[in-house]
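Note: the block below is work.cif and it holds mmCIF, C-alpha atoms.
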```cif
data_target
#
loop_
_atom_site.label_atom_id
_atom_site.label_comp_id
_atom_site.auth_asym_id
_atom_site.auth_seq_id
_atom_site.Cartn_x
_atom_site.Cartn_y
_atom_site.Cartn_z
CA MET A 1 101.62 104.18 56.71
CA ASN A 2 105.28 104.90 57.19
CA LYS A 3 106.75 105.22 60.66
CA LEU A 4 110.29 105.40 59.33
CA SER A 5 111.52 108.85 60.22
CA GLY A 6 113.24 110.36 57.17
CA TRP A 7 112.73 107.20 55.13
CA ASP A 8 110.31 108.18 52.41
CA ASP A 9 112.32 106.63 49.56
CA THR A 10 111.24 103.59 47.56
CA ILE A 11 113.45 100.51 47.38
CA VAL A 12 113.71 97.75 44.78
CA ALA A 13 115.50 94.38 44.70
CA LEU A 14 115.30 90.86 43.38
CA ALA A 15 113.24 88.84 45.88
CA THR A 16 114.04 85.41 44.44
CA ALA A 17 117.43 83.71 44.40
CA PRO A 18 119.80 85.02 41.71
CA GLY A 19 120.33 82.79 38.71
CA ILE A 20 118.47 81.50 35.68
CA GLY A 21 114.98 80.08 36.21
CA ALA A 22 111.46 80.02 34.83
CA ILE A 23 110.46 83.17 36.72
CA GLY A 24 111.97 85.77 39.00
CA VAL A 25 110.25 88.15 41.41
CA ILE A 26 111.30 91.78 41.82
CA ARG A 27 109.88 93.68 44.80
CA LEU A 28 109.35 97.41 45.29
CA SER A 29 108.38 98.99 48.61
CA GLY A 30 107.75 102.62 49.42
CA ALA A 31 105.46 105.58 48.79
CA LYS A 32 106.45 105.88 45.11
CA SER A 33 106.05 102.19 44.19
CA PHE A 34 102.82 102.71 42.23
CA SER A 35 103.93 105.90 40.47
CA ILE A 36 107.24 104.27 39.45
CA ILE A 37 105.59 101.20 37.94
CA ASN A 38 102.91 103.38 36.32
CA LYS A 39 105.68 104.91 34.20
CA LEU A 40 106.73 101.45 33.00
CA PHE A 41 103.42 99.58 32.86
CA LEU A 42 101.24 101.11 30.15
CA SER A 43 98.30 98.69 30.17
CA LYS A 44 96.30 100.50 32.87
CA ASP A 45 96.53 103.08 35.66
CA LEU A 46 97.67 101.08 38.67
CA LEU A 47 96.80 103.87 41.10
CA GLN A 48 93.13 103.20 40.37
CA GLN A 49 93.39 99.45 40.97
CA PRO A 50 92.43 97.85 44.29
CA SER A 51 94.95 96.25 46.62
CA HIS A 52 95.70 92.53 46.48
CA THR A 53 95.03 92.22 42.76
CA LEU A 54 97.06 90.79 39.86
CA HIS A 55 97.63 92.52 36.52
CA VAL A 56 99.22 91.16 33.34
CA GLY A 57 100.96 93.35 30.79
CA PHE A 58 104.22 94.59 29.31
CA LEU A 59 106.87 96.70 31.05
CA LYS A 60 108.53 99.31 28.83
CA ASP A 61 111.55 101.52 29.39
CA GLY A 62 110.92 104.30 26.91
CA GLU A 63 110.33 102.55 23.60
CA THR A 64 112.05 99.34 24.71
CA ILE A 65 109.82 96.47 25.80
CA LEU A 66 111.46 94.80 28.80
CA ASP A 67 109.22 91.79 29.45
CA GLU A 68 105.67 90.55 29.81
CA VAL A 69 105.00 90.43 33.55
CA VAL A 70 102.43 89.82 36.27
CA LEU A 71 102.14 92.60 38.86
CA SER A 72 100.93 91.89 42.41
CA LEU A 73 99.64 95.03 44.15
CA TYR A 74 99.65 95.55 47.92
CA LYS A 75 98.58 98.94 49.26
CA ASN A 76 99.65 100.11 52.71
CA PRO A 77 99.20 99.11 55.43
CA LYS A 78 98.17 95.62 54.26
CA SER A 79 101.54 94.51 52.91
CA TYR A 80 104.66 92.73 54.15
CA THR A 81 106.49 95.98 54.90
CA GLY A 82 103.43 98.07 55.81
CA GLU A 83 104.16 100.32 52.81
CA ASP A 84 102.90 100.30 49.23
CA VAL A 85 104.42 97.14 47.74
CA ILE A 86 104.47 95.86 44.16
CA GLU A 87 105.92 92.50 43.22
CA ILE A 88 106.88 91.97 39.57
CA SER A 89 106.83 88.36 38.39
CA CYS A 90 109.00 88.32 35.27
CA HIS A 91 110.87 85.72 33.25
CA GLY A 92 113.92 84.27 35.01
CA SER A 93 116.63 85.73 32.77
CA GLN A 94 119.26 87.55 34.84
CA PHE A 95 119.60 90.10 32.03
CA VAL A 96 115.83 90.78 31.96
CA GLN A 97 115.67 91.06 35.75
CA GLN A 98 118.55 93.54 35.83
CA GLN A 99 116.94 95.62 33.04
CA ILE A 100 113.71 95.90 35.04
CA ILE A 101 115.58 96.82 38.23
CA ASN A 102 117.59 99.46 36.34
CA ALA A 103 114.38 100.92 34.87
CA CYS A 104 112.85 101.14 38.37
CA ILE A 105 115.95 102.89 39.70
CA LYS A 106 115.92 105.31 36.76
CA SER A 107 112.28 106.10 37.56
CA GLY A 108 112.98 107.00 41.20
CA ALA A 109 113.68 103.88 43.26
CA ARG A 110 116.96 102.89 44.87
CA LEU A 111 118.49 99.45 45.28
CA ALA A 112 117.50 97.88 48.60
CA LYS A 113 120.14 96.85 51.11
CA ALA A 114 120.32 93.25 52.31
CA GLY A 115 117.39 92.55 54.63
CA GLU A 116 115.87 96.01 54.17
CA PHE A 117 112.36 94.80 53.32
CA THR A 118 112.18 92.86 56.59
CA GLN A 119 113.79 95.80 58.41
CA ARG A 120 110.99 98.06 57.18
CA ALA A 121 108.41 95.46 58.20
CA PHE A 122 109.91 95.52 61.72
CA LEU A 123 110.13 99.32 61.95
CA ASN A 124 106.57 99.67 60.67
CA GLY A 125 105.29 97.29 63.34
CA LYS A 126 104.39 94.43 61.00
CA LEU A 127 106.82 92.08 62.75
CA ASP A 128 108.54 92.14 66.13
CA LEU A 129 112.29 91.57 66.28
CA ALA A 130 112.04 87.85 67.02
CA GLN A 131 109.69 87.37 64.07
CA ALA A 132 111.97 89.40 61.80
CA GLU A 133 114.98 87.29 62.77
CA SER A 134 113.01 84.09 62.17
CA VAL A 135 112.45 85.08 58.52
CA ALA A 136 116.16 84.46 57.85
CA ASP A 137 115.97 81.17 59.78
CA LEU A 138 113.01 80.03 57.67
CA ILE A 139 114.80 80.91 54.44
CA ALA A 140 117.88 78.97 55.60
CA SER A 141 115.91 75.97 56.94
CA ASN A 142 116.78 72.66 55.32
CA THR A 143 114.92 70.15 57.49
CA ALA A 144 111.35 69.71 58.71
CA ALA A 145 112.42 70.45 62.30
CA SER A 146 114.22 73.72 61.45
CA GLN A 147 111.27 74.77 59.28
CA LYS A 148 108.78 74.13 62.11
CA ALA A 149 110.90 75.99 64.67
CA ALA A 150 111.30 79.03 62.39
CA LEU A 151 107.59 79.07 61.47
CA HIS A 152 106.58 78.82 65.13
CA THR A 153 108.65 81.92 65.96
CA MET A 154 107.63 83.79 62.81
CA ARG A 155 103.96 83.25 63.67
CA GLY A 156 104.58 84.85 67.07
CA GLY A 157 104.84 81.74 69.25
CA PHE A 158 108.06 82.81 70.98
CA SER A 159 106.93 86.43 71.39
CA GLU A 160 103.54 85.38 72.77
CA ASN A 161 105.20 83.30 75.50
CA LEU A 162 107.28 86.28 76.57
CA LYS A 163 104.34 88.70 76.36
CA VAL A 164 102.19 86.69 78.78
CA LEU A 165 104.98 86.55 81.36
CA ARG A 166 105.91 90.20 80.82
CA ASP A 167 102.33 91.42 81.25
CA ARG A 168 101.96 89.59 84.56
CA LEU A 169 105.24 90.98 85.84
CA ILE A 170 104.28 94.53 84.81
CA THR A 171 100.97 94.20 86.68
CA PHE A 172 102.73 93.25 89.90
CA SER A 173 105.38 95.93 89.38
CA ALA A 174 102.62 98.54 89.09
CA LEU A 175 101.09 97.38 92.38
CA ILE A 176 104.44 97.60 94.15
CA GLU A 177 105.05 101.09 92.74
CA LEU A 178 101.61 102.05 94.03
CA GLU A 179 102.63 100.88 97.50
CA LEU A 180 105.76 103.03 97.31
CA ASP A 181 103.61 106.05 96.48
CA PHE A 182 101.60 105.36 99.64
CA SER A 183 104.55 104.18 101.73
CA GLN A 184 103.37 106.12 104.79
CA GLU A 185 100.04 104.35 104.72
CA ASP A 186 99.60 100.92 106.26
CA VAL A 187 98.34 99.36 103.04
CA GLU A 188 99.47 96.45 100.87
CA PHE A 189 98.33 96.36 97.24
CA ALA A 190 100.44 93.41 96.10
CA ASP A 191 100.02 90.01 97.70
CA ARG A 192 103.59 89.01 98.60
CA LYS A 193 102.85 85.28 98.43
CA GLN A 194 101.42 85.64 94.92
CA PHE A 195 104.35 87.83 93.92
CA TYR A 196 106.98 85.26 94.92
CA GLU A 197 104.96 82.50 93.28
CA LEU A 198 105.02 84.57 90.10
CA ILE A 199 108.80 84.99 90.34
CA GLU A 200 109.16 81.22 90.68
CA GLU A 201 106.87 80.69 87.70
CA LEU A 202 108.83 83.20 85.62
CA THR A 203 112.12 81.58 86.63
CA THR A 204 110.87 78.12 85.64
CA SER A 205 109.55 79.35 82.29
CA THR A 206 112.74 81.29 81.54
CA ASN A 207 114.99 78.35 82.41
CA LYS A 208 112.86 76.08 80.22
CA LEU A 209 113.48 78.39 77.26
CA ILE A 210 117.19 78.63 78.10
CA ASN A 211 117.51 74.85 78.28
CA SER A 212 115.81 74.50 74.90
CA PHE A 213 118.70 76.34 73.21
CA SER A 214 120.88 73.24 72.99
CA LEU A 215 118.07 71.49 71.11
CA GLY A 216 117.45 74.64 69.07
CA ASN A 217 121.09 74.76 68.06
CA VAL A 218 120.86 71.14 66.91
CA ILE A 219 117.72 71.87 64.89
CA LYS A 220 119.34 74.88 63.26
CA ASN A 221 122.90 73.63 62.70
CA GLY A 222 122.69 69.83 62.81
CA VAL A 223 124.42 67.17 64.90
CA SER A 224 128.00 65.97 64.50
CA VAL A 225 128.30 62.19 64.90
CA ALA A 226 131.76 60.60 65.09
CA ILE A 227 131.88 56.92 64.10
CA VAL A 228 134.85 55.52 66.01
CA GLY A 229 136.38 52.14 66.71
CA LYS A 230 139.38 49.97 66.03
CA PRO A 231 140.67 49.50 62.47
CA ASN A 232 138.42 47.18 60.45
CA ALA A 233 135.53 47.43 62.92
CA GLY A 234 133.24 48.30 60.01
CA LYS A 235 133.08 52.09 60.38
CA SER A 236 133.17 52.82 56.66
CA THR A 237 130.64 50.06 56.00
CA LEU A 238 128.34 51.62 58.60
CA LEU A 239 128.72 55.05 56.99
CA ASN A 240 127.80 53.58 53.60
CA SER A 241 124.87 51.70 55.14
CA LEU A 242 123.42 54.79 56.82
CA LEU A 243 123.81 56.79 53.60
CA ASN A 244 122.58 53.96 51.37
CA GLU A 245 125.49 54.61 49.02
CA ASN A 246 129.15 53.63 48.68
CA ARG A 247 130.73 56.83 49.95
CA ALA A 248 133.73 55.34 51.76
CA ILE A 249 136.17 52.70 50.51
CA VAL A 250 135.59 49.36 52.24
CA SER A 251 138.37 46.80 52.52
CA GLU A 252 139.35 43.82 54.65
CA ILE A 253 142.71 45.54 55.12
CA ALA A 254 142.82 47.29 58.48
CA GLY A 255 143.56 51.01 58.34
CA THR A 256 142.05 51.65 54.90
CA THR A 257 140.52 54.94 56.08
CA ARG A 258 143.46 57.32 56.62
CA ASP A 259 141.53 60.58 57.02
CA THR A 260 138.10 61.59 58.29
CA ILE A 261 135.21 61.47 55.82
CA GLU A 262 132.13 63.62 56.45
CA GLU A 263 128.64 63.28 54.98
CA ILE A 264 125.21 64.76 55.80
CA ILE A 265 122.09 62.66 56.36
CA ASN A 266 118.55 63.77 57.25
CA ILE A 267 116.85 61.53 59.81
CA ASP A 268 113.33 62.48 60.92
CA GLY A 269 113.91 66.16 60.20
CA ILE A 270 117.28 66.39 61.96
CA LEU A 271 120.55 66.86 60.07
CA PHE A 272 123.30 64.49 61.19
CA ARG A 273 126.86 65.13 60.04
CA LEU A 274 128.39 61.66 59.99
CA ILE A 275 132.15 61.55 60.46
CA ASP A 276 133.92 58.33 59.49
CA THR A 277 137.14 58.47 61.49
CA ALA A 278 140.41 56.66 60.91
CA GLY A 279 140.71 53.49 62.97
CA ILE A 280 142.50 54.20 66.24
CA ARG A 281 145.48 52.00 67.13
CA GLN A 282 147.81 52.70 69.99
CA HIS A 283 150.98 52.31 67.94
CA THR A 284 151.51 52.74 64.20
CA ALA A 285 154.67 53.36 62.19
CA ASP A 286 152.67 54.78 59.28
CA ILE A 287 153.04 58.59 59.34
CA ILE A 288 149.87 59.15 57.26
CA GLU A 289 147.83 56.81 59.45
CA SER A 290 149.21 58.52 62.56
CA GLU A 291 148.03 61.92 61.26
CA GLY A 292 144.61 60.41 60.54
CA VAL A 293 144.39 59.12 64.11
CA GLU A 294 145.22 62.59 65.47
CA ARG A 295 142.45 64.12 63.38
CA SER A 296 140.05 61.42 64.54
CA LEU A 297 140.78 62.17 68.19
CA ALA A 298 140.03 65.86 67.58
CA LYS A 299 136.72 65.01 65.88
CA ILE A 300 135.74 62.71 68.73
CA LYS A 301 136.39 65.43 71.31
CA ASN A 302 134.13 67.92 69.51
CA ALA A 303 131.38 65.50 68.41
CA ASP A 304 127.82 65.84 69.70
CA ILE A 305 127.42 62.05 69.63
CA VAL A 306 130.02 59.29 69.47
CA LEU A 307 129.10 55.95 67.90
CA TYR A 308 131.60 53.45 69.29
CA LEU A 309 131.61 50.51 66.88
CA PHE A 310 132.99 47.08 67.75
CA ASP A 311 132.32 43.49 66.71
CA GLY A 312 131.50 40.36 68.66
CA THR A 313 135.10 39.10 68.62
CA ASP A 314 136.28 41.99 70.79
CA GLU A 315 137.00 41.31 74.44
CA VAL A 316 134.30 42.32 76.93
CA GLU A 317 136.85 44.07 79.13
CA GLU A 318 138.08 46.12 76.17
CA VAL A 319 134.56 47.39 75.36
CA ALA A 320 133.87 48.07 79.05
CA ASN A 321 137.07 50.13 79.31
CA LYS A 322 136.09 52.14 76.22
CA LYS A 323 132.66 52.82 77.73
CA ALA A 324 134.31 54.05 80.94
CA GLU A 325 136.63 56.27 78.91
CA LEU A 326 133.70 57.86 77.05
CA GLN A 327 131.88 58.44 80.34
CA GLN A 328 134.99 59.99 81.89
CA GLN A 329 135.23 62.42 78.96
CA GLU A 330 131.51 63.25 79.49
CA LEU A 331 130.72 62.45 75.86
CA LYS A 332 127.26 61.49 74.64
CA TYR A 333 127.74 58.05 73.14
CA LEU A 334 126.04 54.96 71.74
CA LEU A 335 127.66 51.52 71.91
CA VAL A 336 127.15 49.64 68.64
CA ALA A 337 127.96 45.94 68.27
CA ASN A 338 128.59 45.18 64.59
CA LYS A 339 128.87 42.02 62.45
CA ILE A 340 126.10 40.08 64.19
CA ASP A 341 125.47 38.37 60.85
CA ILE A 342 128.78 36.52 61.28
CA ILE A 343 128.81 35.73 64.99
CA GLY A 344 125.09 35.56 65.77
CA GLU A 345 122.96 38.18 67.49
CA ALA A 346 121.98 36.01 70.47
CA GLU A 347 125.59 35.05 71.17
CA VAL A 348 126.79 38.67 71.01
CA LYS A 349 123.97 39.86 73.28
CA SER A 350 124.82 37.19 75.85
CA LYS A 351 128.53 37.92 75.70
CA PHE A 352 128.19 41.69 76.32
CA SER A 353 125.12 41.62 78.60
CA SER A 354 127.14 42.85 81.59
CA ILE A 355 128.13 46.11 79.87
CA GLY A 356 124.64 47.55 79.61
CA GLU A 357 122.63 49.14 76.85
CA MET A 358 123.88 48.86 73.28
CA ILE A 359 122.61 48.43 69.72
CA PHE A 360 123.26 45.24 67.75
CA ILE A 361 123.64 45.61 63.98
CA SER A 362 125.12 44.25 60.81
CA ALA A 363 126.24 47.24 58.78
CA LYS A 364 127.08 45.01 55.83
CA GLN A 365 123.62 43.39 55.75
CA HIS A 366 121.77 46.61 56.80
CA LEU A 367 120.41 44.69 59.78
CA HIS A 368 118.93 46.87 62.60
CA THR A 369 120.46 50.07 61.15
CA ASP A 370 116.94 51.52 61.33
CA VAL A 371 117.03 50.94 65.10
CA LEU A 372 120.37 52.75 65.25
CA LYS A 373 118.86 55.74 63.42
CA GLU A 374 115.97 55.85 65.90
CA ARG A 375 118.40 55.81 68.82
CA MET A 376 120.44 58.62 67.25
CA VAL A 377 117.32 60.79 67.02
CA ASP A 378 116.29 59.88 70.58
CA ALA A 379 119.75 60.82 71.85
CA VAL A 380 119.31 64.30 70.39
CA LEU A 381 115.66 65.08 71.04
CA GLN A 382 115.07 63.05 74.20
CA GLY A 383 111.35 63.34 73.45
CA SER A 384 111.36 67.14 73.73
CA LEU A 385 110.52 68.27 70.20
CA GLN A 386 106.93 69.16 69.40
CA THR A 387 105.58 71.24 66.53
CA GLU A 388 103.76 73.58 68.93
CA SER A 389 106.59 73.94 71.45
CA THR A 390 108.83 76.98 71.60
CA VAL A 391 112.48 76.18 70.99
CA VAL A 392 115.13 78.90 71.22
CA THR A 393 117.36 78.79 68.13
CA ASN A 394 118.77 82.33 68.23
CA ALA A 395 121.94 83.07 70.22
CA ARG A 396 120.79 86.65 70.95
CA HIS A 397 117.56 85.35 72.48
CA TYR A 398 119.52 82.83 74.54
CA HIS A 399 121.85 85.46 76.04
CA ALA A 400 118.93 87.85 76.70
CA LEU A 401 117.08 85.07 78.54
CA LYS A 402 120.21 84.36 80.61
CA GLU A 403 120.17 88.01 81.71
CA VAL A 404 116.49 87.69 82.62
CA ALA A 405 117.25 84.59 84.70
CA THR A 406 120.03 86.43 86.53
CA SER A 407 117.72 89.37 87.33
CA LEU A 408 114.99 87.04 88.61
CA THR A 409 117.52 85.31 90.86
CA GLU A 410 118.57 88.68 92.29
CA ILE A 411 114.93 89.54 93.08
CA LYS A 412 114.68 86.44 95.26
#
```

Any chance you could put this one into structure tokens?
Amino acid sequence: MNKLSGWDDTIVALATAPGIGAIGVIRLSGAKSFSIINKLFLSKDLLQQPSHTLHVGFLKDGETILDEVVLSLYKNPKSYTGEDVIEISCHGSQFVQQQIINACIKSGARLAKAGEFTQRAFLNGKLDLAQAESVADLIASNTAASQKAALHTMRGGFSENLKVLRDRLITFSALIELELDFSQEDVEFADRKQFYELIEELTTSTNKLINSFSLGNVIKNGVSVAIVGKPNAGKSTLLNSLLNENRAIVSEIAGTTRDTIEEIINIDGILFRLIDTAGIRQHTADIIESEGVERSLAKIKNADIVLYLFDGTDEVEEVANKKAELQQQELKYLLVANKIDIIGEAEVKSKFSSIGEMIFISAKQHLHTDVLKERMVDAVLQGSLQTESTVVTNARHYHALKEVATSLTEIK
């Protein structure tokens, strides 16, 4: 099986990450895969062996033994690419791997281009384009959420949603075309009420997928969280508390943090990029501190979430003004009252009760920081992430869906 017009060559490449390891896997795909390896593997005739079997033996290039390997055989069309595929599990020496690849090339293969195995799988009908793109997303996934989203698409979840809607639209389109063919007859094949109901249903489903892209982008790329507040509010202590390590210097001296510090933390399968900003004062004669403040303001503007940190000694009016400022800038924010171990949680809650919802913590004592983490996740997901749900993570899919939504609007 090979639907690739003019592509009857056989490709070879390292399938595992480059570098030294216990084993490496080299993959061949194409019509000559078995004949090429037959020249190198002298233990048995691979052409006579059934598909989906393993074979142990030595690879030789002429009189030179290259390595003892395990061969995995996949005959077309029951393979990843839809072609004859052989995977060579060899020892993880870069030198050994390169020797085997060179021997395959000398025997008639060529070096595969980046992504060419998946490209052949797509062109041979083993994967649709969305599934093919999700392979790269799965390889790059580094959280449970990004893994689930990529797997859902790779298993056809995204494509199946579109197929159901597409099939229904095609059915109605065919009925309307039939009416056009019999335009002089007083006959109606397509129920107009059902048709417009379908358009509404398609519009709702399309917009749901479009709206999921912001969540999909978070799952794929992570969330930037700016920790902001006045000097000595405890921002660096909070960063260290969330990370469970002493990443930032903590001091009683206000203005210790002069530049932004960034660290990654995984909370419930979501990557959060925590940004410890320099404390913001209205006036400072320190040039270095002033530059740090400017950088902090830029980080705040571009952050997905702002954690505004203050302690119980701050004035209520000051915190209320900061809340209003964050709302005016249309930033997603969480108000965090710190140092409740010093002032007392009940007293702080009573003092700031008029401001509204906030989280009360002691970063130094790790008190209620677990609640803060939960609220950070809630602020991102808003209860919308499910393993079985389809979340758009690909920018191409997002823009294509926007075009679909525009076309559906024009139909109305």

Given the file shown, enumerate the residues that the PyMOL selection byres ((chain A and resi 15) around 12) captures and present them as JSON, numbers by chain. {"A": [11, 12, 13, 14, 16, 17, 18, 19, 23, 24, 25, 26, 27, 28, 29, 86, 87, 88, 89, 90, 92, 97, 101, 111, 112, 113, 114, 115, 116, 117, 118, 139]}

Around the point (116.1, 87.8, 63.1) (coordinates from the file), which residues reach within 12 Å if we count all atoms listed in the file? Answer as a ChimeraX atom specification. /A:115,118-119,121-122,127-140,150,153-154,393-397

Under the rule of at most 12 Å, produce a per-residue listing of range 111-157 of chain A near range 222-229 of chain A: chain, number, name, the closest pair of atoms, and the distance in Å, as CSV, using only C-alpha atoms.
```
residue,atom,partner,partner_atom,distance
A:Ser141,CA,A:Gly222,CA,10.9
A:Asn142,CA,A:Gly222,CA,10.0
A:Thr143,CA,A:Gly222,CA,9.4
A:Ala145,CA,A:Gly222,CA,10.3
A:Ser146,CA,A:Gly222,CA,9.4
```

If you count only C-alpha atoms, the residue of A:Lys148, A:Lys106, A:Arg155, A:Lys230 closest to Lys126 in chain A turns out to be A:Arg155

If we count all atoms listed in the file and set the cut-off at 12 Å, which residues sit around Ile411 in chain A, ignoring sequence neighbours fewer than 5 positions away in its own chain? Please answer as a PyMOL selection string. chain A and resi 195-196+198-200+202-203+404-406

Between CA of Ala303 in chain A and CA of Val316 in chain A - distance in Å to one decimal: 24.9 Å

Can range 73-85 of chain A be brought up to N, CA and C atoms and written out as a short mmCIF file (atom, residue, chain, number, x, y, z; two decimals), in the coordinates of the input?
```cif
data_model
loop_
_atom_site.label_atom_id
_atom_site.label_comp_id
_atom_site.auth_asym_id
_atom_site.auth_seq_id
_atom_site.Cartn_x
_atom_site.Cartn_y
_atom_site.Cartn_z
N LEU A 73 99.76 93.73 43.48
CA LEU A 73 99.64 95.03 44.15
C LEU A 73 99.24 94.86 45.61
N TYR A 74 99.96 95.55 46.49
CA TYR A 74 99.65 95.55 47.92
C TYR A 74 99.73 96.98 48.42
N LYS A 75 98.59 97.55 48.78
CA LYS A 75 98.58 98.94 49.26
C LYS A 75 98.72 98.97 50.78
N ASN A 76 99.44 99.99 51.27
CA ASN A 76 99.65 100.11 52.71
C ASN A 76 98.32 100.30 53.42
N PRO A 77 98.18 99.80 54.63
CA PRO A 77 99.20 99.11 55.43
C PRO A 77 99.18 97.59 55.27
N LYS A 78 98.35 97.07 54.37
CA LYS A 78 98.17 95.62 54.26
C LYS A 78 99.19 95.01 53.30
N SER A 79 100.45 95.09 53.71
CA SER A 79 101.54 94.51 52.91
C SER A 79 102.60 93.99 53.86
N TYR A 80 103.59 93.30 53.32
CA TYR A 80 104.66 92.73 54.15
C TYR A 80 105.40 93.81 54.92
N THR A 81 105.71 94.92 54.25
CA THR A 81 106.49 95.98 54.90
C THR A 81 105.62 97.03 55.58
N GLY A 82 104.30 97.02 55.30
CA GLY A 82 103.43 98.07 55.81
C GLY A 82 103.38 99.28 54.90
N GLU A 83 104.14 99.24 53.80
CA GLU A 83 104.16 100.32 52.81
C GLU A 83 103.45 99.84 51.54
N ASP A 84 103.36 100.73 50.55
CA ASP A 84 102.90 100.30 49.23
C ASP A 84 103.94 99.35 48.65
N VAL A 85 103.50 98.16 48.26
CA VAL A 85 104.42 97.14 47.74
C VAL A 85 103.89 96.64 46.40
#
```
